[in-house]
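Trainee: Before I ask anything, here is the structure I am working with.
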Amino acid sequence: MISIVVLILAFLGAFLVFLASVGILRMPDLFLRMSATAKAGTLGVGLMLFAAILHFQDFVITSRALAIIVFLFLTAPVAAHMIARAAYFDGTPLWAGTVRDDLKYHYQIATHTLDSQAHPAEETPAITVVEGDDFTEEG
Amino acid sequence: MIIDLGWNIIFGLLGLAFILTVFRLIHGPRLPDRVVSLDLITAEIIAVISVAAIRANQPAFLDVAIILALISFLGTVAFAYYIEQRV
Amino acid sequence: MNIFLLNVLLAIVWGALTGNFAPENLIGGFVIGYLILWLVFSSFPRIKYFHRFLLAIEFILFFLWEIFLANLRVAATVLSPRPHLRPGVVGIPLSLKRRAEIALLMNLITLTPGTLSLDVSNDRKILFVHTLWLESTDEFIQKIKDNFERRIQELFE
């Protein structure tokens with residue numbers, strides 16, 4: 001009986017991870033890709049570790065797997081935030097279908113800070129968008 | 001039998017996920033996309049490790065998952081810092 | 001916080017007295033200790049521990065439900081042949097003040113599929129959120145404030 005529950009949990013986890021990978025392949029820009037991966041991946045892995053907890057039913061393993069789950073849930077949003085911020089400074093373009101961008105003109109490129117007031121366009125030096133592949137550009 | 005089939009399907013889904021993510025890793029187009037896909041690949045490896053631990057009945061495999069979770073976070077933060085500072 | 005430590009202590013004492021430190025026994029001891037403390041302290045209305053404990057449980061259940069719903073939506077979007085997308089970056093005015101609360105709010109927003117918290121302004125007044133489906137900006141801001149921010153405020157005040 002317990003093996004069926006473990007199987008179902010692991011299957012749900014694998015399906016979520018699979019969804020994340022389809023999302024990262026199909027979504028048109030970086031922020032949409034991160035929306036699809038940051039949690040589908042985290043939740044999928046969390047479900048799989050939960051399946052492992054149910055399978056082994058051992059105190060030491062339970063605490064260990066719970067530690068991984070808590071760590072993943074704490075760090076995945078932080079990592080997503082850092083990559084999004086870095087990508088915005090890097091000049092990653094938003095998808096053409098984006099309907100609203102409140103972040104425009106808020107970042108101070110010189111000091112790498114974010115103000116709550118928007119700055120007029122002429123005060124904010126535009127982020128230079130380098131088209132194409134990073135690695136071939138910089139060698 | 002049905003349980004074995006179920007586990008095989010799980011391994012198949014995870015393998016397919018790997019292939020799709022590696023395609024994004026190769027395709028780019030920019031460095032942040034690659035960092036995100038590397039992050040997802042690490043999550044997939046953790047998933048495979050936990051499935052393997054259940055299938056082989058070897059709880060010791062989960063230690064590898066802990067180390068990977070720690071290292072992937074540090075790697076992602078280091079990459080993000082690098083991308084931001086090189087502008 | 002002190003009452004929480006007292007509660008943990010009671011659970012450990014329960015484990016020691018029954019001579020069984022298995023996790024399920026400790027959890028049972030924790031529940032019994034919680035009831036005892038509630039009986040003892042229920043005459044002091046200023047102590048918020050008991051109310052807060054229930055709020056925390058309700059918050060976790062609500063959050064899991066929200067994650068489940070949003071996951072279904074993301075799954076439909078990702079797998080449909082012509083995905084319905086209206087992405088947008090929205091600045092949400094924050095009424096939370098403390099750093100820990102804002103960090104918790106950011107984590108919860110990111111963990112809910114479909115929304116992604118990008119950054120907080122330097123003076124901690126605006127939180128920038130990226131969303132997959134932006135039908136109406138005011139509605140979206142209201143939803144985040146009602147669902148997440150208000151509950152966090154209740155939990156920590």
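Chains: A, B, ... in order of the structure tokens. Residues: from 1 per chain. Ligands: from 1, in order shown.
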Compile the residues of chain B that lie within 9 Å of chain A, evaluated using only C-alpha atoms, and express the compilation as number ranges by chain.
Mentor: B: 3, 6-7, 9-11, 13-21, 23-24, 28-33, 35-37, 39-41, 43-44, 46-48, 50-51, 53-54, 57, 59-60, 62-63, 65-66, 69-70, 73-74, 76-77, 79-87
Trainee: Looking only at strand (DSSP E) from DSSP on the backbone, list the matching residues of stretch 11-134 of chain C as a PDB file with N, CA and C atoms, in the first residue's frame.
Mentor:
```pdb
ATOM      1  N   GLY C  88       3.776  40.684 -17.419  1.00  0.00           N
ATOM      2  CA  GLY C  88       3.996  42.078 -17.077  1.00  0.00           C
ATOM      3  C   GLY C  88       4.780  42.194 -15.783  1.00  0.00           C
ATOM      4  N   VAL C  89       5.490  43.311 -15.614  1.00  0.00           N
ATOM      5  CA  VAL C  89       6.196  43.605 -14.365  1.00  0.00           C
ATOM      6  C   VAL C  89       5.396  44.675 -13.636  1.00  0.00           C
ATOM      7  N   VAL C  90       4.994  44.393 -12.402  1.00  0.00           N
ATOM      8  CA  VAL C  90       4.131  45.300 -11.653  1.00  0.00           C
ATOM      9  C   VAL C  90       4.854  45.744 -10.387  1.00  0.00           C
ATOM     10  N   GLY C  91       4.821  47.040 -10.096  1.00  0.00           N
ATOM     11  CA  GLY C  91       5.359  47.537  -8.838  1.00  0.00           C
ATOM     12  C   GLY C  91       4.264  47.544  -7.785  1.00  0.00           C
ATOM     13  N   ILE C  92       4.486  46.813  -6.690  1.00  0.00           N
ATOM     14  CA  ILE C  92       3.475  46.726  -5.641  1.00  0.00           C
ATOM     15  C   ILE C  92       3.934  47.547  -4.450  1.00  0.00           C
ATOM     16  N   PRO C  93       3.170  48.544  -4.028  1.00  0.00           N
ATOM     17  CA  PRO C  93       3.558  49.308  -2.833  1.00  0.00           C
ATOM     18  C   PRO C  93       3.477  48.428  -1.593  1.00  0.00           C
ATOM     19  N   THR C 115       4.023  33.683 -10.657  1.00  0.00           N
ATOM     20  CA  THR C 115       4.529  34.985 -10.239  1.00  0.00           C
ATOM     21  C   THR C 115       5.962  34.841  -9.768  1.00  0.00           C
ATOM     22  N   LEU C 116       6.723  35.932  -9.942  1.00  0.00           N
ATOM     23  CA  LEU C 116       8.153  35.897  -9.633  1.00  0.00           C
ATOM     24  C   LEU C 116       8.520  37.248  -9.058  1.00  0.00           C
ATOM     25  N   SER C 117       9.055  37.272  -7.831  1.00  0.00           N
ATOM     26  CA  SER C 117       9.437  38.570  -7.280  1.00  0.00           C
ATOM     27  C   SER C 117      10.829  38.918  -7.772  1.00  0.00           C
ATOM     28  N   LEU C 118      10.971  40.105  -8.341  1.00  0.00           N
ATOM     29  CA  LEU C 118      12.248  40.478  -8.953  1.00  0.00           C
ATOM     30  C   LEU C 118      13.144  41.216  -7.966  1.00  0.00           C
ATOM     31  N   ASP C 119      12.654  42.332  -7.398  1.00  0.00           N
ATOM     32  CA  ASP C 119      13.541  43.115  -6.543  1.00  0.00           C
ATOM     33  C   ASP C 119      12.709  44.048  -5.670  1.00  0.00           C
ATOM     34  N   VAL C 120      13.350  44.553  -4.599  1.00  0.00           N
ATOM     35  CA  VAL C 120      12.715  45.537  -3.732  1.00  0.00           C
ATOM     36  C   VAL C 120      13.508  46.827  -3.858  1.00  0.00           C
ATOM     37  N   ILE C 126       8.613  49.639  -2.616  1.00  0.00           N
ATOM     38  CA  ILE C 126       7.982  49.002  -3.764  1.00  0.00           C
ATOM     39  C   ILE C 126       8.619  47.634  -3.999  1.00  0.00           C
ATOM     40  N   LEU C 127       7.757  46.657  -4.239  1.00  0.00           N
ATOM     41  CA  LEU C 127       8.224  45.319  -4.601  1.00  0.00           C
ATOM     42  C   LEU C 127       7.842  45.077  -6.055  1.00  0.00           C
ATOM     43  N   PHE C 128       8.820  44.690  -6.858  1.00  0.00           N
ATOM     44  CA  PHE C 128       8.539  44.468  -8.274  1.00  0.00           C
ATOM     45  C   PHE C 128       8.294  42.983  -8.515  1.00  0.00           C
ATOM     46  N   VAL C 129       7.133  42.693  -9.102  1.00  0.00           N
ATOM     47  CA  VAL C 129       6.722  41.302  -9.306  1.00  0.00           C
ATOM     48  C   VAL C 129       6.473  41.077 -10.784  1.00  0.00           C
ATOM     49  N   HIS C 130       6.980  39.968 -11.287  1.00  0.00           N
ATOM     50  CA  HIS C 130       6.711  39.579 -12.670  1.00  0.00           C
ATOM     51  C   HIS C 130       5.620  38.520 -12.653  1.00  0.00           C
ATOM     52  N   THR C 131       4.605  38.695 -13.511  1.00  0.00           N
ATOM     53  CA  THR C 131       3.516  37.724 -13.516  1.00  0.00           C
ATOM     54  C   THR C 131       3.243  37.236 -14.935  1.00  0.00           C
TER      55      THR C 131
END
```
Trainee: Please report as a tab-separated table every residue of stretch 91-142 of chain C lying within 12 Å of stretch 76-81 of chain C, along with the nearest atom pair and their distance in Å (one decimal), using only C-alpha atoms.
Mentor:
```
residue	atom	partner	partner_atom	distance
C:Pro113	CA	C:Thr77	CA	11.2
C:Gly114	CA	C:Thr77	CA	9.8
C:Leu132	CA	C:Thr77	CA	9.4
C:Trp133	CA	C:Thr77	CA	10.0
```
Trainee: Write the residues you've just listed into a file as a short mmCIF file (atom, residue, chain, number, x, y, z; two decimals), in the first residue's frame, and include N, CA and C atoms for each of them.
Mentor:
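Now in selection12.cif:
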```cif
data_model
loop_
_atom_site.label_atom_id
_atom_site.label_comp_id
_atom_site.auth_asym_id
_atom_site.auth_seq_id
_atom_site.Cartn_x
_atom_site.Cartn_y
_atom_site.Cartn_z
N PRO C 113 3.49 29.42 -8.38
CA PRO C 113 3.78 29.38 -9.80
C PRO C 113 3.09 30.52 -10.53
N GLY C 114 3.77 31.07 -11.54
CA GLY C 114 3.18 32.13 -12.34
C GLY C 114 3.61 33.51 -11.92
N LEU C 132 2.70 36.05 -15.03
CA LEU C 132 2.45 35.46 -16.35
C LEU C 132 1.16 35.96 -16.96
N TRP C 133 0.16 36.20 -16.12
CA TRP C 133 -1.14 36.59 -16.66
C TRP C 133 -1.57 37.87 -15.96
#
```
Trainee: As a PyMOL selection string, please: every residue in stretch 12-143 of chain C that DSSP puts in alpha helix (DSSP H).
Mentor: chain C and resi 12-18+23-41+49-79+99-111+137-143
Trainee: If you count only C-alpha atoms, which residues fall within 12 Å of C:Phe62, apart from same-chain ones fewer than 4 positions away, as a list in words?
Mentor: Leu55, Ala56, Ile57, Glu58, Glu66, Ile67, Phe68, Leu69, Leu108, Thr112, Asn147, Phe148 and Arg151 of chain C
Trainee: Let's have the selection written as a short mmCIF file (atom, residue, chain, number, x, y, z; two decimals), in the first residue's frame, with N, CA and C atoms.
Mentor:
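File again30.cif, as written:
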```
data_model
loop_
_atom_site.label_atom_id
_atom_site.label_comp_id
_atom_site.auth_asym_id
_atom_site.auth_seq_id
_atom_site.Cartn_x
_atom_site.Cartn_y
_atom_site.Cartn_z
N LEU C 55 -3.24 30.55 13.33
CA LEU C 55 -3.06 31.36 12.12
C LEU C 55 -1.99 30.77 11.22
N ALA C 56 -0.89 30.31 11.85
CA ALA C 56 0.21 29.76 11.06
C ALA C 56 -0.25 28.51 10.32
N ILE C 57 -1.00 27.64 11.00
CA ILE C 57 -1.48 26.43 10.35
C ILE C 57 -2.41 26.77 9.20
N GLU C 58 -3.32 27.75 9.45
CA GLU C 58 -4.24 28.15 8.39
C GLU C 58 -3.47 28.72 7.22
N GLU C 66 -3.09 27.33 -2.67
CA GLU C 66 -2.77 28.31 -3.71
C GLU C 66 -1.74 27.75 -4.68
N ILE C 67 -0.71 27.08 -4.13
CA ILE C 67 0.33 26.49 -4.98
C ILE C 67 -0.28 25.45 -5.91
N PHE C 68 -1.21 24.65 -5.36
CA PHE C 68 -1.84 23.59 -6.16
C PHE C 68 -2.60 24.20 -7.34
N LEU C 69 -3.44 25.23 -7.06
CA LEU C 69 -4.22 25.86 -8.12
C LEU C 69 -3.32 26.45 -9.20
N LEU C 108 7.42 33.68 -0.79
CA LEU C 108 6.11 33.08 -1.07
C LEU C 108 5.64 33.43 -2.47
N THR C 112 4.91 30.66 -5.51
CA THR C 112 3.62 30.47 -6.18
C THR C 112 3.86 30.48 -7.68
N ASN C 147 -4.10 38.46 -0.16
CA ASN C 147 -3.81 37.06 0.11
C ASN C 147 -2.55 36.87 0.93
N PHE C 148 -1.48 37.58 0.56
CA PHE C 148 -0.20 37.29 1.19
C PHE C 148 0.16 38.30 2.25
N ARG C 151 -1.98 38.42 5.50
CA ARG C 151 -1.78 37.26 6.36
C ARG C 151 -0.44 37.30 7.07
#
```
Trainee: Given only C-alpha atoms as the basis, pick out the residue of C:Leu96, C:Pro83, C:Asn2, C:Gly33 nearest to C:Trp14.
Mentor: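 Ranking C:Leu96, C:Pro83, C:Asn2, C:Gly33 by distance to C:Trp14, first place goes to C:Gly33.
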Trainee: What is the atom CA of C:Ile152-atom CA of C:Arg124 distance in Å, reported with one decimal?
Mentor: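 Between atom CA of C:Ile152 and atom CA of C:Arg124 the gap is 16.1 Å.
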Trainee: As a list in words, please: the residues near stretch 16-26 of chain C (cut-off 12 Å, only C-alpha atoms, same-chain neighbours under 5 positions excluded).
Mentor: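 Here the qualifying residues turn out to be Gln57, Asp58, Phe59, Val60, Thr62 and Ser63 of chain A; Asn7, Val8, Leu9, Leu10, Ala11, Val31, Ile32 and Gly33 of chain C.
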